[in-house]
file protein_22.cif (mmCIF, C-alpha atoms)
data_data
loop_
_atom_site.label_atom_id
_atom_site.label_comp_id
_atom_site.auth_asym_id
_atom_site.auth_seq_id
_atom_site.Cartn_x
_atom_site.Cartn_y
_atom_site.Cartn_z
CA MET A 1380 87.99 73.17 102.61
CA SER A 1381 88.71 76.49 104.16
CA GLU A 1382 86.26 79.31 104.73
CA ILE A 1383 86.11 82.48 102.62
CA ILE A 1384 87.56 85.25 104.75
CA THR A 1385 85.55 88.36 105.56
CA PRO A 1386 86.60 91.02 103.05
CA SER A 1387 88.18 94.27 104.10
CA GLN A 1388 86.28 97.54 103.72
CA THR A 1389 87.49 101.09 104.10
CA VAL A 1390 87.87 102.56 107.58
CA GLY A 1391 86.07 105.62 106.15
CA PRO A 1392 86.39 109.18 107.43
CA TYR A 1393 84.52 108.81 110.72
CA PHE A 1394 86.48 106.26 112.75
CA ALA A 1395 87.77 108.71 115.34
CA TYR A 1396 85.17 108.11 118.01
CA GLY A 1397 85.61 104.39 117.87
CA LEU A 1398 89.33 104.00 117.24
CA THR A 1399 91.28 107.17 118.05
CA PRO A 1400 89.22 109.27 120.46
CA LYS A 1401 92.22 111.26 121.67
CA GLY A 1402 93.50 111.67 118.13
CA ARG A 1403 90.38 113.65 117.37
CA LEU A 1404 91.77 116.43 119.53
CA LYS A 1405 94.28 117.14 116.79
CA TRP A 1406 91.31 118.38 114.82
CA ASP A 1407 89.06 119.71 117.47
CA PRO A 1408 90.95 120.77 120.62
CA ASP A 1409 87.69 121.73 122.31
CA GLY A 1410 85.99 118.48 121.43
CA THR A 1411 84.69 116.42 124.26
CA TYR A 1412 85.00 112.78 123.40
CA SER A 1413 84.38 110.86 126.56
CA TRP A 1414 85.22 107.46 125.07
CA LYS A 1415 88.27 106.01 126.75
CA GLU A 1416 91.19 105.39 124.45
CA THR A 1417 92.35 101.79 124.40
CA ILE A 1418 95.17 102.02 121.87
CA GLY A 1419 97.12 105.24 121.59
CA ASP A 1420 100.29 106.69 120.07
CA ASN A 1421 102.46 106.44 123.18
CA LEU A 1422 103.82 102.89 123.48
CA ILE A 1423 106.29 103.58 126.27
CA THR A 1424 105.54 101.83 129.55
CA PRO A 1425 107.29 102.75 132.82
CA ASP A 1426 109.07 99.38 132.95
CA ALA A 1427 110.26 99.24 129.34
CA THR A 1428 114.00 99.36 128.81
CA GLY A 1429 115.78 100.71 125.75
CA GLU A 1430 116.18 103.95 123.85
CA LYS A 1431 113.13 106.22 123.87
CA ILE A 1432 112.42 107.63 120.44
CA ARG A 1433 109.82 109.60 118.54
CA ILE A 1434 108.57 108.57 115.12
CA GLU A 1435 107.13 111.42 113.13
CA GLY A 1436 105.95 111.73 109.58
CA GLN A 1437 103.44 112.98 107.09
CA ILE A 1438 101.25 110.94 104.79
CA VAL A 1439 100.37 112.25 101.32
CA ASP A 1440 98.33 111.01 98.36
CA GLY A 1441 99.13 110.68 94.66
CA ASP A 1442 98.94 114.45 94.19
CA GLY A 1443 101.25 115.07 97.13
CA LYS A 1444 98.32 116.39 99.17
CA PRO A 1445 98.24 115.51 102.87
CA ILE A 1446 95.85 112.70 103.74
CA ASN A 1447 94.08 114.28 106.67
CA ASP A 1448 91.93 111.32 107.71
CA ALA A 1449 94.35 108.40 107.84
CA MET A 1450 95.00 106.08 110.75
CA LEU A 1451 98.33 104.36 111.25
CA GLU A 1452 99.05 101.28 113.34
CA ILE A 1453 102.50 100.05 114.27
CA TRP A 1454 103.72 96.72 115.59
CA GLN A 1455 107.21 96.19 116.89
CA ALA A 1456 109.48 94.17 119.12
CA ASP A 1457 110.90 95.50 122.37
CA ALA A 1458 114.49 96.67 122.74
CA GLN A 1459 115.58 93.05 123.16
CA GLY A 1460 113.87 91.99 119.94
CA ARG A 1461 110.93 90.17 121.53
CA TYR A 1462 107.29 90.49 120.48
CA ALA A 1463 104.54 90.63 123.11
CA SER A 1464 102.65 87.84 121.37
CA PRO A 1465 101.92 84.23 122.24
CA TYR A 1466 103.52 83.37 118.90
CA ASP A 1467 106.91 84.62 120.08
CA SER A 1468 108.27 82.11 122.59
CA ARG A 1469 110.70 84.74 123.93
CA ARG A 1470 107.86 86.96 125.13
CA PRO A 1471 108.89 90.13 127.01
CA ASN A 1472 108.59 90.27 130.78
CA THR A 1473 107.58 93.96 130.79
CA GLN A 1474 104.27 95.69 130.08
CA PHE A 1475 105.61 96.94 126.75
CA LYS A 1476 103.05 95.86 124.16
CA GLY A 1477 104.69 97.18 121.02
CA PHE A 1478 101.43 98.17 119.37
CA GLY A 1479 100.31 101.72 118.69
CA ARG A 1480 97.73 103.66 116.79
CA SER A 1481 97.97 107.26 115.59
CA ALA A 1482 95.45 109.55 113.99
CA VAL A 1483 96.71 112.38 111.79
CA ASN A 1484 96.25 116.13 112.10
CA PRO A 1485 94.74 118.29 109.32
CA ASN A 1486 98.18 118.34 107.69
CA GLY A 1487 98.43 114.55 107.51
CA GLU A 1488 101.05 114.38 110.26
CA PHE A 1489 101.30 111.48 112.68
CA GLY A 1490 103.61 110.58 115.52
CA PHE A 1491 104.48 107.84 118.00
CA SER A 1492 106.51 107.77 121.19
CA THR A 1493 108.15 104.40 121.57
CA ILE A 1494 111.28 102.38 122.25
CA LYS A 1495 113.72 101.58 119.49
CA PRO A 1496 113.20 97.89 118.72
CA GLY A 1497 115.96 95.30 118.77
CA SER A 1498 116.73 92.84 116.02
CA VAL A 1499 114.31 89.93 115.55
CA PRO A 1500 114.83 86.58 113.85
CA GLY A 1501 114.16 86.46 110.14
CA PRO A 1502 113.97 83.81 107.44
CA ASN A 1503 116.38 80.90 107.94
CA GLY A 1504 117.09 82.10 111.48
CA LYS A 1505 119.19 85.03 110.31
CA PRO A 1506 118.58 88.25 112.24
CA GLN A 1507 116.60 91.05 110.65
CA ALA A 1508 117.63 94.67 110.87
CA PRO A 1509 115.55 96.50 113.51
CA HIS A 1510 112.27 97.61 111.99
CA ILE A 1511 108.67 98.53 112.78
CA GLY A 1512 105.67 97.22 110.85
CA PHE A 1513 103.18 99.86 109.67
CA CYS A 1514 99.57 99.34 108.64
CA ILE A 1515 97.86 102.33 107.06
CA TYR A 1516 94.11 102.81 106.80
CA SER A 1517 92.08 105.70 105.40
CA ARG A 1518 89.07 106.79 103.48
CA GLY A 1519 89.82 105.78 99.90
CA MET A 1520 91.68 102.67 101.01
CA LEU A 1521 89.47 99.61 100.73
CA ARG A 1522 92.12 97.56 102.51
CA GLN A 1523 95.12 98.45 104.61
CA VAL A 1524 98.57 98.79 103.12
CA TYR A 1525 101.56 97.31 104.90
CA THR A 1526 105.04 98.75 105.00
CA ARG A 1527 108.09 98.75 107.27
CA LEU A 1528 110.14 101.46 108.88
CA TYR A 1529 113.89 100.85 109.06
CA PHE A 1530 116.34 103.08 110.93
CA ALA A 1531 118.92 105.09 108.96
CA ASP A 1532 121.62 104.51 111.59
CA GLU A 1533 121.53 100.69 111.46
CA ALA A 1534 124.39 99.02 109.61
CA ALA A 1535 122.32 95.81 109.51
CA ASN A 1536 120.08 97.39 106.85
CA ALA A 1537 122.73 96.51 104.28
CA THR A 1538 122.19 92.78 104.76
CA ASP A 1539 118.52 92.67 105.74
CA GLN A 1540 116.75 89.93 103.80
CA ILE A 1541 113.47 91.80 103.42
CA LEU A 1542 115.05 95.11 102.41
CA SER A 1543 117.09 93.26 99.83
CA LEU A 1544 113.85 92.19 98.11
CA VAL A 1545 113.16 95.86 97.39
CA PRO A 1546 114.70 97.42 94.26
CA ALA A 1547 117.74 99.40 95.41
CA ASP A 1548 116.40 102.70 94.09
CA ARG A 1549 113.22 102.39 96.20
CA ARG A 1550 114.74 101.27 99.52
CA ASP A 1551 115.15 104.85 100.71
CA THR A 1552 111.38 105.14 101.09
CA LEU A 1553 111.59 102.66 104.00
CA ILE A 1554 114.48 104.29 105.85
CA ALA A 1555 113.55 106.75 108.59
CA LYS A 1556 116.06 109.60 108.92
CA LYS A 1557 117.40 110.41 112.35
CA GLU A 1558 116.99 113.95 113.71
CA VAL A 1559 118.04 115.03 117.19
CA GLN A 1560 115.79 117.74 118.60
CA GLY A 1561 117.12 118.79 122.00
CA ASP A 1562 116.86 115.71 124.21
CA THR A 1563 114.60 113.87 121.79
CA VAL A 1564 115.65 111.47 119.07
CA VAL A 1565 113.19 111.66 116.20
CA TYR A 1566 113.05 109.30 113.25
CA ARG A 1567 111.25 110.93 110.34
CA PHE A 1568 109.19 108.59 108.19
CA ASN A 1569 107.14 110.22 105.48
CA ILE A 1570 104.69 108.07 103.55
CA ARG A 1571 103.75 108.71 99.95
CA VAL A 1572 100.88 106.43 99.05
CA GLN A 1573 101.21 106.87 95.28
CA GLY A 1574 103.32 108.46 92.58
CA ASP A 1575 106.93 109.58 92.32
CA ASN A 1576 108.95 108.26 95.22
CA GLU A 1577 106.00 106.09 96.25
CA THR A 1578 106.58 104.31 99.54
CA VAL A 1579 107.26 100.61 99.10
CA PHE A 1580 104.31 98.51 100.24
CA PHE A 1581 104.56 94.79 100.82
CA ASP A 1582 102.32 91.96 99.71
CA ILE A 1583 101.84 89.94 102.85
CA MET B 1185 99.80 75.47 117.10
CA SER B 1186 101.39 77.19 114.21
CA LEU B 1187 99.34 79.12 111.70
CA ILE B 1188 99.91 79.91 108.06
CA TYR B 1189 98.36 82.74 106.09
CA PRO B 1190 97.92 81.75 102.43
CA ARG B 1191 97.88 84.79 100.16
CA GLU B 1192 95.21 83.18 97.95
CA SER B 1193 92.66 83.84 100.68
CA LEU B 1194 93.08 87.55 100.05
CA SER B 1195 91.29 87.13 96.70
CA ALA B 1196 88.15 87.85 98.74
CA TYR B 1197 89.39 91.40 99.32
CA PRO B 1198 88.70 94.45 97.15
CA LYS B 1199 91.51 95.68 94.93
CA HIS B 1200 93.38 98.73 96.21
CA LEU B 1201 92.29 100.66 93.13
CA SER B 1202 88.55 100.50 92.58
CA PRO B 1203 87.76 103.59 90.46
CA GLU B 1204 83.99 103.48 91.06
CA TYR B 1205 84.92 104.51 94.60
CA LYS B 1206 86.60 107.74 93.58
CA SER B 1207 88.79 108.31 96.61
CA THR B 1208 90.76 105.16 95.77
CA VAL B 1209 92.15 106.80 92.62
CA LYS B 1210 94.76 108.90 94.44
CA ARG B 1211 95.04 106.73 97.55
CA SER B 1212 96.05 103.38 96.10
CA PRO B 1213 99.63 102.27 95.42
CA SER B 1214 100.51 102.49 91.72
CA LYS B 1215 103.65 100.36 91.88
CA PRO B 1216 103.55 96.59 92.39
CA LEU B 1217 103.61 95.48 96.00
CA ILE B 1218 106.79 93.65 97.00
CA LEU B 1219 106.13 90.01 97.80
CA MET B 1220 107.82 89.07 101.06
CA PRO B 1221 107.94 85.99 103.29
CA HIS B 1222 106.01 86.07 106.55
CA THR B 1223 108.54 86.56 109.34
CA LEU B 1224 108.07 86.69 113.09
CA SER B 1225 107.17 90.39 112.64
CA GLU B 1226 104.08 89.49 110.62
CA LEU B 1227 103.20 86.19 112.33
CA THR B 1228 102.85 87.87 115.71
CA GLY B 1229 100.36 90.50 116.81
CA PRO B 1230 99.14 92.33 119.89
CA VAL B 1231 96.81 90.80 122.43
CA TYR B 1232 94.16 93.02 123.96
CA GLY B 1233 92.21 91.26 126.64
CA HIS B 1234 89.46 91.98 129.08
CA ASP B 1235 91.73 94.47 130.88
CA VAL B 1236 91.03 97.11 128.22
CA ILE B 1237 87.26 96.68 128.31
CA GLN B 1238 84.97 98.39 130.78
CA GLU B 1239 81.63 96.98 131.72
CA GLY B 1240 78.99 98.29 129.36
CA ASP B 1241 81.41 99.13 126.53
CA ASN B 1242 79.45 96.71 124.35
CA ASP B 1243 76.08 98.36 125.05
CA LEU B 1244 75.84 101.48 122.91
CA THR B 1245 72.36 102.24 124.24
CA LYS B 1246 73.66 102.90 127.75
CA GLN B 1247 76.35 105.52 127.14
CA GLY B 1248 74.19 108.63 127.52
CA LYS B 1249 71.94 110.03 130.21
CA GLY B 1250 68.92 108.57 128.48
CA GLU B 1251 68.10 106.05 125.81
CA PRO B 1252 69.09 106.83 122.24
CA LEU B 1253 66.37 107.09 119.60
CA GLY B 1254 65.99 104.46 116.93
CA GLU B 1255 65.51 100.78 116.56
CA ARG B 1256 67.31 98.85 119.33
CA ILE B 1257 69.14 95.80 117.96
CA ILE B 1258 71.45 93.02 119.10
CA VAL B 1259 74.46 92.37 116.87
CA HIS B 1260 76.34 89.21 117.75
CA GLY B 1261 78.37 86.39 116.28
CA HIS B 1262 81.63 84.49 116.36
CA VAL B 1263 85.10 85.34 115.18
CA TYR B 1264 86.69 82.40 113.37
CA ASP B 1265 89.85 81.56 111.49
CA GLU B 1266 89.82 80.01 108.00
CA ASP B 1267 89.52 76.51 109.49
CA LYS B 1268 86.43 77.75 111.32
CA ARG B 1269 88.15 77.47 114.66
CA PRO B 1270 86.89 80.14 117.07
CA ILE B 1271 89.28 82.94 118.00
CA PRO B 1272 88.93 83.61 121.72
CA ASP B 1273 89.92 86.73 123.68
CA THR B 1274 90.30 89.04 120.72
CA LEU B 1275 89.38 92.71 120.65
CA VAL B 1276 86.38 93.78 118.54
CA GLU B 1277 85.76 97.51 118.10
CA ILE B 1278 82.80 99.10 116.31
CA TRP B 1279 81.66 102.56 115.28
CA GLN B 1280 78.58 103.64 113.41
CA ALA B 1281 76.13 106.39 112.49
CA ASN B 1282 73.07 107.02 114.64
CA ALA B 1283 69.53 106.09 113.61
CA CYS B 1284 69.35 109.21 111.43
CA GLY B 1285 72.54 108.41 109.56
CA ARG B 1286 74.78 110.94 111.34
CA TYR B 1287 78.17 110.29 112.94
CA VAL B 1288 79.58 112.02 116.00
CA HIS B 1289 82.37 113.58 113.96
CA LEU B 1290 82.91 117.21 113.12
CA VAL B 1291 83.59 116.40 109.47
CA ASP B 1292 80.14 114.82 109.13
CA GLN B 1293 77.90 117.70 108.03
CA HIS B 1294 74.93 115.62 106.89
CA PRO B 1295 71.89 117.69 107.93
CA ALA B 1296 70.43 114.99 110.14
CA PRO B 1297 70.20 115.36 113.91
CA LEU B 1298 72.83 114.16 116.33
CA ASP B 1299 71.49 112.13 119.22
CA PRO B 1300 72.81 113.37 122.58
CA ASN B 1301 72.42 109.85 123.93
CA PHE B 1302 74.29 108.04 121.17
CA THR B 1303 77.95 108.17 120.24
CA GLY B 1304 78.20 105.07 118.07
CA GLY B 1305 81.42 103.71 119.59
CA GLY B 1306 81.63 100.29 121.21
CA ARG B 1307 84.11 97.56 122.00
CA THR B 1308 84.25 94.08 123.45
CA VAL B 1309 86.47 91.02 123.62
CA THR B 1310 85.42 87.60 122.33
CA ASP B 1311 84.86 84.90 124.95
CA LYS B 1312 86.51 81.47 124.98
CA ASN B 1313 84.24 80.36 122.14
CA GLY B 1314 85.07 83.36 119.98
CA TYR B 1315 81.66 84.86 120.68
CA TYR B 1316 80.90 88.59 120.93
CA LYS B 1317 77.74 90.63 121.43
CA PHE B 1318 76.78 94.28 121.07
CA ILE B 1319 73.55 96.07 121.87
CA THR B 1320 73.08 99.12 119.70
CA ILE B 1321 70.74 101.12 117.48
CA LYS B 1322 70.20 100.29 113.83
CA PRO B 1323 72.26 102.86 111.90
CA GLY B 1324 70.59 104.97 109.23
CA ALA B 1325 71.63 105.35 105.61
CA TYR B 1326 73.40 108.59 104.73
CA PRO B 1327 74.46 110.48 101.62
CA TRP B 1328 78.07 110.87 100.54
CA GLY B 1329 79.77 112.75 97.78
CA ASN B 1330 81.10 109.95 95.62
CA HIS B 1331 78.62 110.47 92.78
CA HIS B 1332 75.21 112.00 92.15
CA ASN B 1333 72.66 110.79 94.69
CA ALA B 1334 75.12 108.45 96.41
CA TRP B 1335 73.91 106.86 99.65
CA ARG B 1336 75.69 104.34 101.84
CA PRO B 1337 73.70 101.25 102.81
CA ASN B 1338 73.15 100.87 106.56
CA HIS B 1339 76.37 99.56 108.06
CA ILE B 1340 78.42 99.16 111.22
CA HIS B 1341 82.21 99.46 111.02
CA PHE B 1342 84.11 96.57 112.63
CA SER B 1343 87.77 96.38 113.65
CA VAL B 1344 89.09 92.94 114.69
CA PHE B 1345 92.55 91.71 115.64
CA GLY B 1346 92.84 87.93 115.58
CA HIS B 1347 96.09 86.04 116.09
CA SER B 1348 98.59 88.24 114.26
CA PHE B 1349 99.30 91.37 112.26
CA LEU B 1350 98.28 89.31 109.21
CA SER B 1351 94.79 88.62 110.52
CA ARG B 1352 94.10 92.27 111.35
CA LEU B 1353 90.82 93.29 109.70
CA ILE B 1354 88.77 96.44 109.34
CA THR B 1355 85.46 95.85 107.60
CA GLN B 1356 81.81 96.87 107.53
CA MET B 1357 78.77 94.85 108.51
CA TYR B 1358 75.69 95.31 106.37
CA PHE B 1359 72.05 94.39 106.92
CA PRO B 1360 70.22 91.72 104.92
CA GLY B 1361 68.32 92.76 101.81
CA ASP B 1362 69.46 96.37 101.72
CA TYR B 1363 68.00 98.10 98.65
CA LEU B 1364 71.12 100.28 98.33
CA PHE B 1365 73.49 97.33 97.70
CA PRO B 1366 73.35 97.56 93.89
CA PHE B 1367 74.39 101.21 93.95
CA ASP B 1368 77.19 101.18 96.53
CA PRO B 1369 80.73 101.10 95.11
CA ILE B 1370 82.26 100.27 98.51
CA PHE B 1371 80.10 97.16 99.01
CA ASN B 1372 80.59 96.20 95.35
CA SER B 1373 84.36 96.67 95.50
CA VAL B 1374 84.43 93.05 96.66
CA PRO B 1375 84.43 91.15 93.37
CA ASP B 1376 83.10 87.77 94.45
CA GLU B 1377 79.44 87.43 95.41
CA GLN B 1378 80.06 84.80 98.10
CA ALA B 1379 82.69 87.06 99.63
CA ARG B 1380 80.31 90.04 99.53
CA LEU B 1381 77.73 87.98 101.39
CA ARG B 1382 80.29 87.48 104.18
CA MET B 1383 79.78 91.15 105.01
CA VAL B 1384 75.99 90.86 105.27
CA SER B 1385 74.55 89.94 108.64
CA SER B 1386 71.54 87.65 108.87
CA PHE B 1387 68.32 88.32 110.71
CA ASP B 1388 68.27 86.09 113.79
CA LEU B 1389 64.76 85.39 115.06
CA ASP B 1390 65.98 82.80 117.59
CA ASN B 1391 67.99 85.42 119.44
CA THR B 1392 65.52 88.24 118.98
CA ILE B 1393 64.26 89.16 122.43
CA PRO B 1394 60.46 89.42 122.54
CA ASP B 1395 59.14 92.90 123.26
CA TRP B 1396 62.68 94.31 123.29
CA ALA B 1397 65.11 94.01 120.33
CA LEU B 1398 65.68 92.34 116.97
CA ALA B 1399 68.89 90.33 116.64
CA PHE B 1400 71.34 90.15 113.74
CA ARG B 1401 74.09 87.56 113.46
CA PHE B 1402 77.44 88.54 111.98
CA ASP B 1403 80.21 85.94 111.94
CA ILE B 1404 83.68 87.16 111.01
CA VAL B 1405 86.31 84.96 109.36
CA LEU B 1406 89.92 86.13 109.71
CA ARG B 1407 93.04 84.99 107.88
CA GLY B 1408 94.88 82.02 109.34
CA ARG B 1409 94.90 78.24 108.86
CA GLU B 1410 96.57 75.45 110.71
CA ALA B 1411 99.79 74.44 109.05
CA THR B 1412 99.77 70.92 107.62
CA PRO B 1413 103.03 68.96 107.80
CA LEU B 1414 103.51 69.69 104.10
CA ASP B 1415 103.12 73.43 104.68
CA THR B 1416 105.55 73.30 107.56
CA ASP B 1417 108.17 71.76 105.30
CA LYS B 1418 107.94 74.73 103.01
CA HIS B 1419 108.78 77.22 105.77
#
call {"tool": "encode", "arguments": {"input": "protein_22.cif", "output": "structure tokens"}}
result
Amino acid sequence: MSEIITPSQTVGPYFAYGLTPKGRLKWDPDGTYSWKETIGDNLITPDATGEKIRIEGQIVDGDGKPINDAMLEIWQADAQGRYASPYDSRRPNTQFKGFGRSAVNPNGEFGFSTIKPGSVPGPNGKPQAPHIGFCIYSRGMLRQVYTRLYFADEAANATDQILSLVPADRRDTLIAKKEVQGDTVVYRFNIRVQGDNETVFFDI
Amino acid sequence: MSLIYPRESLSAYPKHLSPEYKSTVKRSPSKPLILMPHTLSELTGPVYGHDVIQEGDNDLTKQGKGEPLGERIIVHGHVYDEDKRPIPDTLVEIWQANACGRYVHLVDQHPAPLDPNFTGGGRTVTDKNGYYKFITIKPGAYPWGNHHNAWRPNHIHFSVFGHSFLSRLITQMYFPGDYLFPFDPIFNSVPDEQARLRMVSSFDLDNTIPDWALAFRFDIVLRGREATPLDTDKH
């Protein structure tokens, strides 16, 4: 007999002090939050190898209005396709953790600095196309929603087993478009929580 | 040890769309979620250990120059998986309103005083037995705009990691016997009564410290069960 799990409840509008103290500065540049940030939006460690990238996007609701109080968390493998978790036996030997948290600004925009992940094993041992897991939390969400970011410039998307579960006409919502801005490679990943062109969310 | 994460367990969760809580109407997916197998990407998750915690991070009464106002309380408990095995070394983060029901957040305009000695943020890591403890101030109730005369029951927000991205949980801890329970659409978004009670702490006289602070026990159960040989065959 297993235990009933503790139900999820909304993160609400006031999580900044506890979860994203630096993210609050996007709202209040003069704010003085002394609480040290544990989990931020820059995942890059000095010893991590691989291509440095930016992930940027905007999150909007069913009316297309920016969600200005969301929090996004990402989880990804390193450039060699290894997760920094005891459940991945090929654990990385660098400090790269692969986990990040971003608040949004008043326009619903978020961003991460990270390393482009490598391919990780998928069902039946076949490799998955490189991807990043996203969990989204906000006021008005009683539980997080889970989605994945895939990279537009990866040929492996065509044969990815998880992407192939998604109806072809909705797959585009999971593909981040590549933009080169000076020396910076940016992958743009906009999230529409509801409505036309709604982002695909997964039941996990 | 390999863990599985049965989807049936999620029946304890609220639905994404819960119209009594009005903000869910435009912020819930309208299309069916895509069922997908759990791959290494979901079965793994970050580990945050004692390296990210500073001494005193779990004592919210010691973050200012003086003591915060309000009722000092101890909030403690264990983090378990669905087999009731303790989850050691996992990060627990909390945030909450002060004793007057006001958050340190510029969006919170409730006309109740801020407390210069209370921020409401805390964090700790469970020990080898999955045990955590916070010292804080009992949060006040506060009004919100969901409907006429809407007030949130006293609560503390909890964020917990567990073994993987699948066990990641953000929830709220409530206090026993709150008279606002029947009127709160967020609390009542959880359909099953037994599951709702999971979110309610219990008064803990045994751990109440005489002449100092009441204690409340709040155990947290995260997704995750040990795979049986039969389950393993299916994967």
call {"tool": "atom_distance", "arguments": {"input": "protein_22.cif", "atom1": "CA of Asn1484 (chain A)", "atom2": "CA of Pro1198 (chain B)"}}
result
27.4 Å
call {"tool": "resolve_selection", "arguments": {"input": "protein_22.cif", "expression": "the PyMOL selection byres ((chain B) within 6 of (chain A))", "output": "list in words"}}
result
Ala1196, Tyr1197, Ser1207, Thr1208, Lys1210, Arg1211, Pro1213, Ser1214, Leu1217, Ile1218, Leu1219, Thr1223, Thr1228, Gly1229, Pro1230, Glu1266, Asp1267, Trp1279, Gly1305, Ile1354, Thr1355, Gln1356, Arg1382, Ile1404, Val1405 and Leu1406 of chain B
call {"tool": "resolve_selection", "arguments": {"input": "protein_22.cif", "expression": "the PyMOL selection byres ((chain B and resi 1281) around 7)", "output": "count of residues only"}}
result
9
call {"tool": "closest_residue", "arguments": {"input": "protein_22.cif", "among": "A:Leu1553, A:Ile1494, A:Ala1449, A:Val1564", "to": "Thr1399 (chain A)", "atoms": "only C-alpha atoms"}}
result
A:Ala1449
call {"tool": "closest_residue", "arguments": {"input": "protein_22.cif", "among": "B:His1289, B:Lys1317, B:Leu1275, B:Pro1203", "to": "Asn1391 (chain B)", "atoms": "all atoms listed in the file"}}
result
B:Lys1317
call {"tool": "decode", "arguments": {"input": "protein_22.cif", "residues": "region 1266-1271 of chain B", "atoms": "all heavy atoms", "output": "compact mmCIF listing (two decimals), in the first residue's frame"}}
result
# COMPACT_ATOMS: atom_id res chain seq x y z
N GLU B 1266 6.72 7.51 -1.83
CA GLU B 1266 5.41 6.85 -1.72
C GLU B 1266 5.47 5.53 -0.94
O GLU B 1266 4.44 5.02 -0.53
CB GLU B 1266 4.82 6.59 -3.11
CG GLU B 1266 4.39 7.84 -3.82
CD GLU B 1266 3.91 7.55 -5.23
OE1 GLU B 1266 2.84 6.93 -5.38
OE2 GLU B 1266 4.61 7.93 -6.19
N ASP B 1267 6.66 4.97 -0.80
CA ASP B 1267 6.82 3.77 0.03
C ASP B 1267 7.13 4.13 1.48
O ASP B 1267 7.47 3.27 2.27
CB ASP B 1267 7.99 2.91 -0.50
CG ASP B 1267 7.69 2.31 -1.86
OD1 ASP B 1267 6.51 1.98 -2.11
OD2 ASP B 1267 8.63 2.17 -2.67
N LYS B 1268 7.04 5.40 1.77
CA LYS B 1268 7.36 5.96 3.08
C LYS B 1268 8.82 5.76 3.47
O LYS B 1268 9.17 5.64 4.64
CB LYS B 1268 6.42 5.47 4.18
CG LYS B 1268 6.22 6.58 5.20
CD LYS B 1268 5.14 6.38 6.21
CE LYS B 1268 5.11 7.62 7.11
NZ LYS B 1268 4.20 7.49 8.22
N ARG B 1269 9.66 5.70 2.46
CA ARG B 1269 11.11 5.72 2.74
C ARG B 1269 11.55 7.17 2.82
O ARG B 1269 11.17 7.99 1.97
CB ARG B 1269 11.87 5.04 1.61
CG ARG B 1269 11.97 3.53 1.73
CD ARG B 1269 12.91 3.02 0.66
NE ARG B 1269 12.53 3.59 -0.61
CZ ARG B 1269 11.97 2.90 -1.60
NH1 ARG B 1269 11.75 1.62 -1.48
NH2 ARG B 1269 11.63 3.50 -2.72
N PRO B 1270 12.34 7.53 3.84
CA PRO B 1270 12.79 8.92 3.95
C PRO B 1270 13.66 9.34 2.77
O PRO B 1270 14.38 8.52 2.19
CB PRO B 1270 13.60 8.93 5.25
CG PRO B 1270 13.82 7.52 5.64
CD PRO B 1270 12.83 6.66 4.91
N ILE B 1271 13.57 10.60 2.40
CA ILE B 1271 14.41 11.15 1.34
C ILE B 1271 15.44 12.07 1.99
O ILE B 1271 15.12 13.18 2.43
CB ILE B 1271 13.57 11.91 0.30
CG1 ILE B 1271 12.51 10.97 -0.29
CG2 ILE B 1271 14.46 12.50 -0.79
CD1 ILE B 1271 11.62 11.58 -1.35
